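Data from my_file-v9.tsv: TSV, C-alpha atoms
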```tsv
chain	number	residue	atom	x	y	z
G	20	ASP	CA	19.09	1.26	19.49
G	21	THR	CA	16.50	3.99	19.17
G	22	GLY	CA	16.85	4.54	15.45
G	23	VAL	CA	17.45	7.76	13.56
G	24	SER	CA	15.53	10.74	14.89
G	25	GLN	CA	14.82	14.07	13.24
G	26	ASN	CA	13.51	17.32	14.63
G	27	PRO	CA	11.29	19.05	14.00
G	28	ARG	CA	8.92	16.72	12.14
G	29	HIS	CA	7.15	19.64	10.49
G	30	LYS	CA	8.23	23.20	9.81
G	31	ILE	CA	6.23	25.97	8.19
G	32	THR	CA	8.16	29.12	7.39
G	33	LYS	CA	7.79	32.24	5.33
G	34	ARG	CA	9.86	32.83	2.24
G	35	GLY	CA	13.16	34.48	3.08
G	36	GLN	CA	13.44	33.05	6.58
G	37	ASN	CA	16.21	30.72	7.71
G	38	VAL	CA	15.46	27.23	9.02
G	39	THR	CA	17.56	24.60	10.74
G	40	PHE	CA	16.87	20.89	11.04
G	41	ARG	CA	18.52	18.39	13.35
G	42	CYS	CA	19.31	14.72	12.82
G	43	ASP	CA	20.45	12.27	15.50
G	44	PRO	CA	21.83	9.10	13.92
G	45	ILE	CA	22.03	5.62	15.40
G	46	SER	CA	24.70	6.04	18.06
G	47	GLU	CA	27.51	3.87	16.69
G	48	HIS	CA	27.03	4.89	13.03
G	49	ASN	CA	29.89	6.86	11.55
G	50	ARG	CA	28.18	7.96	8.32
G	51	LEU	CA	25.30	10.41	8.14
G	52	TYR	CA	23.41	11.39	4.98
G	53	TRP	CA	20.93	14.09	4.04
G	54	TYR	CA	18.39	13.64	1.24
G	55	ARG	CA	15.52	15.74	-0.07
G	56	GLN	CA	12.28	14.26	-1.37
G	57	THR	CA	9.60	16.16	-3.23
G	58	LEU	CA	6.09	14.86	-3.84
G	59	GLY	CA	5.99	11.90	-6.17
G	60	GLN	CA	9.77	11.64	-6.50
G	61	GLY	CA	12.49	9.47	-5.09
G	62	PRO	CA	14.85	10.92	-2.49
G	63	GLU	CA	17.66	13.05	-3.91
G	64	PHE	CA	21.09	13.05	-2.31
G	65	LEU	CA	22.26	16.32	-0.73
G	66	THR	CA	25.39	15.60	1.30
G	67	TYR	CA	27.04	13.10	3.62
G	68	PHE	CA	29.52	12.94	6.47
G	69	GLN	CA	31.91	10.34	7.72
G	70	ASN	CA	32.49	11.22	11.35
G	71	GLU	CA	33.02	15.01	11.32
G	72	ALA	CA	34.19	15.23	7.71
G	73	GLN	CA	31.80	16.25	4.96
G	74	LEU	CA	32.86	13.88	2.20
G	75	GLU	CA	30.49	14.76	-0.60
G	76	LYS	CA	28.06	17.50	-1.48
G	77	SER	CA	25.64	17.41	-4.39
G	78	ARG	CA	26.38	19.85	-7.19
G	79	LEU	CA	22.68	20.59	-7.18
G	80	LEU	CA	22.93	21.94	-3.66
G	81	SER	CA	22.54	25.70	-3.53
G	82	ASP	CA	24.95	27.85	-1.51
G	83	ARG	CA	21.97	28.63	0.71
G	84	PHE	CA	22.23	25.11	2.13
G	85	SER	CA	24.82	24.20	4.72
G	86	ALA	CA	25.29	21.13	6.87
G	87	GLU	CA	27.46	20.40	9.86
G	88	ARG	CA	28.34	17.46	12.04
G	89	PRO	CA	30.65	19.08	14.56
G	90	LYS	CA	31.40	16.18	16.91
G	91	GLY	CA	30.67	13.30	14.61
G	92	SER	CA	27.35	12.64	16.28
G	93	PHE	CA	24.25	14.71	15.43
G	94	SER	CA	24.04	16.88	12.32
G	95	THR	CA	22.24	20.07	11.40
G	96	LEU	CA	21.03	21.20	8.00
G	97	GLU	CA	20.44	24.92	7.58
G	98	ILE	CA	18.64	26.59	4.71
G	99	GLN	CA	19.11	30.32	4.44
G	100	ARG	CA	16.68	32.69	2.70
G	101	THR	CA	14.16	29.93	2.04
G	102	GLU	CA	12.32	29.81	-1.27
G	103	GLN	CA	9.05	28.10	-2.15
G	104	GLY	CA	11.03	25.56	-4.16
G	105	ASP	CA	12.66	24.40	-0.94
G	106	SER	CA	9.36	22.89	0.21
G	107	ALA	CA	10.05	19.17	0.54
G	108	MET	CA	10.64	16.32	2.95
G	109	TYR	CA	14.20	16.34	4.27
G	110	LEU	CA	15.40	12.87	5.17
G	111	CYS	CA	18.38	11.89	7.26
G	112	ALA	CA	19.99	8.45	7.22
G	113	SER	CA	22.94	6.83	8.94
G	114	SER	CA	25.14	3.81	8.32
G	115	LEU	CA	28.19	2.00	9.63
G	116	THR	CA	31.07	1.33	7.25
G	117	GLY	CA	32.84	-1.99	7.24
G	118	ILE	CA	29.87	-4.02	8.41
G	119	ASN	CA	27.17	-3.60	5.82
G	120	TYR	CA	26.00	-0.91	3.49
G	121	GLU	CA	22.51	-0.35	4.78
G	122	GLN	CA	21.32	3.15	5.41
G	123	TYR	CA	18.74	3.56	8.16
G	124	PHE	CA	16.36	6.44	7.61
G	125	GLY	CA	14.70	8.79	10.03
G	126	PRO	CA	11.06	9.87	9.72
G	127	GLY	CA	11.97	13.11	7.95
G	128	THR	CA	11.26	16.80	8.43
G	129	ARG	CA	8.55	18.21	6.19
G	130	LEU	CA	9.27	21.82	5.25
G	131	THR	CA	6.58	24.09	3.85
G	132	VAL	CA	7.64	27.52	2.63
G	133	THR	CA	4.74	29.97	2.24
Y	1	ALA	CA	27.15	8.30	-13.65
Y	2	GLN	CA	24.82	5.84	-11.99
Y	3	SER	CA	21.09	5.94	-12.59
Y	4	VAL	CA	18.01	3.90	-11.72
Y	5	THR	CA	14.84	3.42	-13.74
Y	6	GLN	CA	11.68	1.98	-12.24
Y	7	LEU	CA	9.20	0.92	-14.89
Y	8	GLY	CA	5.67	1.88	-13.94
Y	9	SER	CA	4.93	4.66	-11.49
Y	10	HIS	CA	1.75	2.88	-10.39
Y	11	VAL	CA	1.09	-0.85	-10.11
Y	12	SER	CA	-2.22	-2.31	-9.00
Y	13	VAL	CA	-2.73	-5.95	-8.03
Y	14	SER	CA	-5.44	-7.96	-6.35
Y	15	GLU	CA	-4.92	-9.38	-2.90
Y	16	GLY	CA	-3.24	-12.76	-3.24
Y	17	ALA	CA	-1.80	-12.00	-6.69
Y	18	LEU	CA	1.86	-11.86	-7.67
Y	19	VAL	CA	3.65	-8.57	-7.12
Y	20	LEU	CA	6.34	-7.60	-9.65
Y	21	LEU	CA	8.04	-4.22	-9.44
Y	22	ARG	CA	10.70	-3.55	-12.07
Y	23	CYS	CA	14.05	-1.86	-11.58
Y	24	ASN	CA	16.89	-1.37	-14.06
Y	25	TYR	CA	20.14	0.38	-13.29
Y	26	SER	CA	22.94	1.97	-15.25
Y	27	SER	CA	26.44	1.76	-13.84
Y	28	SER	CA	29.95	1.16	-15.17
Y	29	VAL	CA	30.44	-1.58	-12.57
Y	30	PRO	CA	27.73	-3.54	-10.75
Y	31	PRO	CA	26.68	-1.43	-7.79
Y	32	TYR	CA	25.17	-2.35	-4.47
Y	33	LEU	CA	21.40	-2.65	-4.96
Y	34	PHE	CA	18.57	-1.94	-2.56
Y	35	TRP	CA	14.81	-1.90	-2.33
Y	36	TYR	CA	13.16	0.42	0.19
Y	37	VAL	CA	9.49	0.81	1.12
Y	38	GLN	CA	7.87	4.04	2.27
Y	39	TYR	CA	4.48	4.30	3.95
Y	40	PRO	CA	2.68	7.68	3.91
Y	41	ASN	CA	4.41	10.40	5.91
Y	42	GLN	CA	7.12	8.04	7.07
Y	43	GLY	CA	10.78	7.47	6.35
Y	44	LEU	CA	12.16	4.66	4.24
Y	45	GLN	CA	12.51	1.08	5.46
Y	46	LEU	CA	14.96	-1.34	3.88
Y	47	LEU	CA	13.28	-4.39	2.32
Y	48	LEU	CA	16.37	-6.14	0.99
Y	49	LYS	CA	19.79	-5.59	-0.48
Y	50	TYR	CA	22.31	-7.20	-2.81
Y	51	THR	CA	26.00	-6.65	-2.18
Y	52	THR	CA	27.71	-9.91	-3.10
Y	53	GLY	CA	27.12	-13.65	-3.26
Y	54	ALA	CA	23.81	-15.26	-4.12
Y	55	THR	CA	21.95	-13.25	-6.72
Y	56	LEU	CA	18.50	-14.13	-5.35
Y	57	VAL	CA	18.03	-12.24	-2.12
Y	58	LYS	CA	15.21	-12.54	0.34
Y	59	GLY	CA	13.95	-9.68	2.42
Y	60	ILE	CA	11.33	-8.83	4.95
Y	61	ASN	CA	7.59	-9.35	4.56
Y	62	GLY	CA	8.02	-12.13	1.98
Y	63	PHE	CA	9.69	-9.99	-0.68
Y	64	GLU	CA	12.62	-11.14	-2.79
Y	65	ALA	CA	14.67	-9.77	-5.66
Y	66	GLU	CA	17.08	-11.21	-8.18
Y	67	PHE	CA	20.20	-9.46	-9.44
Y	68	LYS	CA	20.68	-10.12	-13.15
Y	69	LYS	CA	23.95	-8.60	-14.32
Y	70	SER	CA	23.34	-9.32	-18.00
Y	71	GLU	CA	20.04	-7.46	-17.87
Y	72	THR	CA	21.21	-4.79	-15.37
Y	73	SER	CA	18.02	-5.50	-13.44
Y	74	PHE	CA	16.97	-6.01	-9.85
Y	75	HIS	CA	13.22	-6.68	-9.96
Y	76	LEU	CA	11.24	-7.05	-6.73
Y	77	THR	CA	8.68	-9.82	-6.35
Y	78	LYS	CA	6.27	-11.23	-3.81
Y	79	PRO	CA	4.22	-14.35	-4.56
Y	80	SER	CA	1.03	-13.22	-2.84
Y	81	ALA	CA	0.09	-9.60	-2.20
Y	82	HIS	CA	-1.41	-8.50	1.08
Y	83	MET	CA	-3.40	-5.35	1.73
Y	84	SER	CA	-0.63	-4.14	4.04
Y	85	ASP	CA	1.82	-4.12	1.10
Y	86	ALA	CA	0.20	-0.99	-0.31
Y	87	ALA	CA	2.97	1.63	-0.21
Y	88	GLU	CA	5.62	3.39	-2.31
Y	89	TYR	CA	8.61	1.28	-3.30
Y	90	PHE	CA	12.01	2.64	-4.26
Y	91	CYS	CA	14.91	0.90	-5.93
Y	92	ALA	CA	18.33	2.39	-5.19
Y	93	VAL	CA	22.00	1.85	-5.99
Y	94	SER	CA	25.23	2.88	-4.35
Y	95	ASP	CA	28.87	2.86	-5.46
Y	96	ARG	CA	30.63	-0.42	-4.72
Y	97	GLY	CA	33.97	1.34	-4.62
Y	98	ASN	CA	33.09	3.67	-1.77
Y	99	GLN	CA	31.78	1.13	0.76
Y	100	GLY	CA	28.37	2.23	-0.32
Y	101	GLY	CA	28.17	5.98	-0.01
Y	102	LYS	CA	25.25	7.97	-1.33
Y	103	LEU	CA	22.15	6.23	-2.62
Y	104	ILE	CA	20.79	7.01	-6.07
Y	105	PHE	CA	17.05	6.35	-6.10
Y	106	GLY	CA	14.56	5.59	-8.81
Y	107	GLN	CA	11.36	7.59	-9.16
Y	108	GLY	CA	9.39	5.09	-7.13
Y	109	THR	CA	6.48	2.75	-7.81
Y	110	GLU	CA	3.24	3.12	-5.92
Y	111	LEU	CA	1.71	-0.27	-5.21
Y	112	SER	CA	-2.05	-0.55	-4.72
Y	113	VAL	CA	-3.65	-3.77	-3.51
Y	114	LYS	CA	-7.32	-4.37	-4.29
Y	115	PRO	CA	-9.43	-6.59	-2.02
```

Entire entry expressed as structure tokens:
Amino acid sequence: DTGVSQNPRHKITKRGQNVTFRCDPISEHNRLYWYRQTLGQGPEFLTYFQNEAQLEKSRLLSDRFSAERPKGSFSTLEIQRTEQGDSAMYLCASSLTGINYEQYFGPGTRLTVT
Amino acid sequence: AQSVTQLGSHVSVSEGALVLLRCNYSSSVPPYLFWYVQYPNQGLQLLLKYTTGATLVKGINGFEAEFKKSETSFHLTKPSAHMSDAAEYFCAVSDRGNQGGKLIFGQGTELSVKP
């Protein structure tokens, strides 16, 4: 069990560019979550998957954000036409239904939009 | 809609003193309850959780929390603070009816420990 991994750990991009982040969950976990955390705040839910299906998406999530989990394993989060307000830590977590309700978090990807 | 309130964005204690971090939730039915800890530039680590059964739950690193339904609270305590406890602590809830699902977090409490 290697834990949840996220790549890249840091990303600096210019406003208007597109960025993509990857999350690899714990291998047997069927649920995968994305959260965003800005400085001094608690993580804010963005979206989550159960296997390949995207089950919920935050109403706060702009149309510029899209997430996929094509084979029910890793997931990608893409932000199109980045804005300075997108600067944040993007956290991924995974869990296994039916056993317990713990979400295991990755180290996060810190995005800076200049 | 569920929500979480953590009273006190900063708490400072002396090494060896009691740690008390407060968390109140709002939910139509009692949710699952969690405390997470975050060290600088790292992800979140689960300290403890309450899903069912005994309302006093023990977690890692000597922390414990008690679920009080009548007070809609889930306060985190540790009898004796250690320097290594300095970190950001988050209380969170999830929907009991969805086998958990998304976590709703509080704003966080930064714990400082003075020597």

Each residue of chain G lying at most 10 Å from chain Y should get a row with its shortest atom-to-atom pair and the distance in Å to one decimal, counting only C-alpha atoms; could you produce that, ordered by chain and increasing number, as JSON lines?
```
{"residue": "G:Val23", "atom": "CA", "partner": "Y:Gly43", "partner_atom": "CA", "distance": 9.8}
{"residue": "G:Arg28", "atom": "CA", "partner": "Y:Asn41", "partner_atom": "CA", "distance": 10.0}
{"residue": "G:Arg50", "atom": "CA", "partner": "Y:Gly101", "partner_atom": "CA", "distance": 8.6}
{"residue": "G:Leu51", "atom": "CA", "partner": "Y:Gly101", "partner_atom": "CA", "distance": 9.7}
{"residue": "G:Tyr52", "atom": "CA", "partner": "Y:Lys102", "partner_atom": "CA", "distance": 7.4}
{"residue": "G:Trp53", "atom": "CA", "partner": "Y:Lys102", "partner_atom": "CA", "distance": 9.2}
{"residue": "G:Tyr54", "atom": "CA", "partner": "Y:Leu103", "partner_atom": "CA", "distance": 9.2}
{"residue": "G:Gly59", "atom": "CA", "partner": "Y:Gln107", "partner_atom": "CA", "distance": 7.5}
{"residue": "G:Gln60", "atom": "CA", "partner": "Y:Gln107", "partner_atom": "CA", "distance": 5.1}
{"residue": "G:Gly61", "atom": "CA", "partner": "Y:Gln107", "partner_atom": "CA", "distance": 4.6}
{"residue": "G:Pro62", "atom": "CA", "partner": "Y:Phe105", "partner_atom": "CA", "distance": 6.2}
{"residue": "G:Glu63", "atom": "CA", "partner": "Y:Phe105", "partner_atom": "CA", "distance": 7.1}
{"residue": "G:Phe64", "atom": "CA", "partner": "Y:Lys102", "partner_atom": "CA", "distance": 6.6}
{"residue": "G:Leu65", "atom": "CA", "partner": "Y:Lys102", "partner_atom": "CA", "distance": 8.9}
{"residue": "G:Thr66", "atom": "CA", "partner": "Y:Lys102", "partner_atom": "CA", "distance": 8.1}
{"residue": "G:Tyr67", "atom": "CA", "partner": "Y:Lys102", "partner_atom": "CA", "distance": 7.4}
{"residue": "G:Phe68", "atom": "CA", "partner": "Y:Gly101", "partner_atom": "CA", "distance": 9.6}
{"residue": "G:Gln69", "atom": "CA", "partner": "Y:Gly101", "partner_atom": "CA", "distance": 9.6}
{"residue": "G:Leu74", "atom": "CA", "partner": "Y:Gly101", "partner_atom": "CA", "distance": 9.4}
{"residue": "G:Glu75", "atom": "CA", "partner": "Y:Lys102", "partner_atom": "CA", "distance": 8.6}
{"residue": "G:Lys76", "atom": "CA", "partner": "Y:Lys102", "partner_atom": "CA", "distance": 9.9}
{"residue": "G:Ser77", "atom": "CA", "partner": "Y:Lys102", "partner_atom": "CA", "distance": 9.9}
{"residue": "G:Met108", "atom": "CA", "partner": "Y:Asn41", "partner_atom": "CA", "distance": 9.1}
{"residue": "G:Tyr109", "atom": "CA", "partner": "Y:Gly43", "partner_atom": "CA", "distance": 9.7}
{"residue": "G:Leu110", "atom": "CA", "partner": "Y:Gly43", "partner_atom": "CA", "distance": 7.2}
{"residue": "G:Cys111", "atom": "CA", "partner": "Y:Gly43", "partner_atom": "CA", "distance": 8.8}
{"residue": "G:Ala112", "atom": "CA", "partner": "Y:Leu44", "partner_atom": "CA", "distance": 9.2}
{"residue": "G:Ser114", "atom": "CA", "partner": "Y:Gly101", "partner_atom": "CA", "distance": 9.1}
{"residue": "G:Leu115", "atom": "CA", "partner": "Y:Gln99", "partner_atom": "CA", "distance": 9.6}
{"residue": "G:Thr116", "atom": "CA", "partner": "Y:Gln99", "partner_atom": "CA", "distance": 6.5}
{"residue": "G:Gly117", "atom": "CA", "partner": "Y:Gln99", "partner_atom": "CA", "distance": 7.3}
{"residue": "G:Ile118", "atom": "CA", "partner": "Y:Gln99", "partner_atom": "CA", "distance": 9.4}
{"residue": "G:Asn119", "atom": "CA", "partner": "Y:Gln99", "partner_atom": "CA", "distance": 8.3}
{"residue": "G:Tyr120", "atom": "CA", "partner": "Y:Gly100", "partner_atom": "CA", "distance": 5.5}
{"residue": "G:Glu121", "atom": "CA", "partner": "Y:Leu46", "partner_atom": "CA", "distance": 7.7}
{"residue": "G:Gln122", "atom": "CA", "partner": "Y:Leu46", "partner_atom": "CA", "distance": 7.9}
{"residue": "G:Tyr123", "atom": "CA", "partner": "Y:Gln45", "partner_atom": "CA", "distance": 7.2}
{"residue": "G:Phe124", "atom": "CA", "partner": "Y:Leu44", "partner_atom": "CA", "distance": 5.7}
{"residue": "G:Gly125", "atom": "CA", "partner": "Y:Gly43", "partner_atom": "CA", "distance": 5.5}
{"residue": "G:Pro126", "atom": "CA", "partner": "Y:Gly43", "partner_atom": "CA", "distance": 4.1}
{"residue": "G:Gly127", "atom": "CA", "partner": "Y:Gly43", "partner_atom": "CA", "distance": 6.0}
{"residue": "G:Thr128", "atom": "CA", "partner": "Y:Gly43", "partner_atom": "CA", "distance": 9.6}
{"residue": "G:Arg129", "atom": "CA", "partner": "Y:Asn41", "partner_atom": "CA", "distance": 8.8}
```

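Our summary of the geometry notes that CA of Cys23 in chain Y is positioned 14.6 Å from CA of Val57 in chain Y.
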
*Ser27 in chain Y surroundings by only C-alpha atoms, 8 Å radius, close-in-sequence under 5 positions cut, as JSON, numbers by chain*: {"Y": [1, 2, 3]}

*Leaving out Tyr25 in chain Y and any residue of its chain fewer than 6 positions from it, which residues lie within 7 Å of it when counting only C-alpha atoms, given as a ChimeraX atom specification?*
/Y:3-5,72-73

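Distances from G:Ser85, G:Thr39, G:Asn49, G:Thr131 to Asn26 in chain G were compared using all atoms listed in the file, and the smallest one belongs to G:Thr39.
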
*What is the CA of Thr21 in chain G to CA of Phe63 in chain Y distance in Å?*
25.2 Å

*Find the residues near Phe74 in chain Y: any atom within 7 Å, counting only C-alpha atoms, skip ones fewer than 6 places away on the same chain, and give them as number ranges by chain.*
Y: 23-24, 65-68

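Neighbourhood of point (18.8, 12.6, 13.4): residues with an atom at most 7 Å away, counting all atoms listed in the file, are Val23, Ser24, Gln25, Arg41, Cys42, Asp43, Pro44, Phe93, Ser94, Cys111 and Gly125 of chain G.
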
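From CA of His10 in chain Y back to CA of Lys114 in chain Y, the distance works out to 13.1 Å.
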
With all atoms listed in the file as the counted atoms, please give the residues lying no more than 6 Å from Leu76 in chain Y, apart from itself and same-chain residues fewer than 5 positions off, as a tab-separated table (two decimals) with C-alpha atoms, in the frame of the given file.
```tsv
chain	number	residue	atom	x	y	z
Y	20	LEU	CA	6.34	-7.60	-9.65
Y	21	LEU	CA	8.04	-4.22	-9.44
Y	64	GLU	CA	12.62	-11.14	-2.79
Y	65	ALA	CA	14.67	-9.77	-5.66
```

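Proximity to Glu47 in chain G was assessed for G:Leu96, G:Gly91, G:Glu71, G:Phe84 counting only C-alpha atoms; the smallest distance is recorded for G:Gly91.
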
Give the centre and edge lengths of an axis-aligned box, in Å to one decimal, that holds all listed atoms of range 60-65 of chain Y with 5 Å on each side, as AutoDock Vina command-line options.
```
--center_x 11.1 --center_y -10.5 --center_z -0.4 --size_x 17.1 --size_y 13.3 --size_z 20.6
```
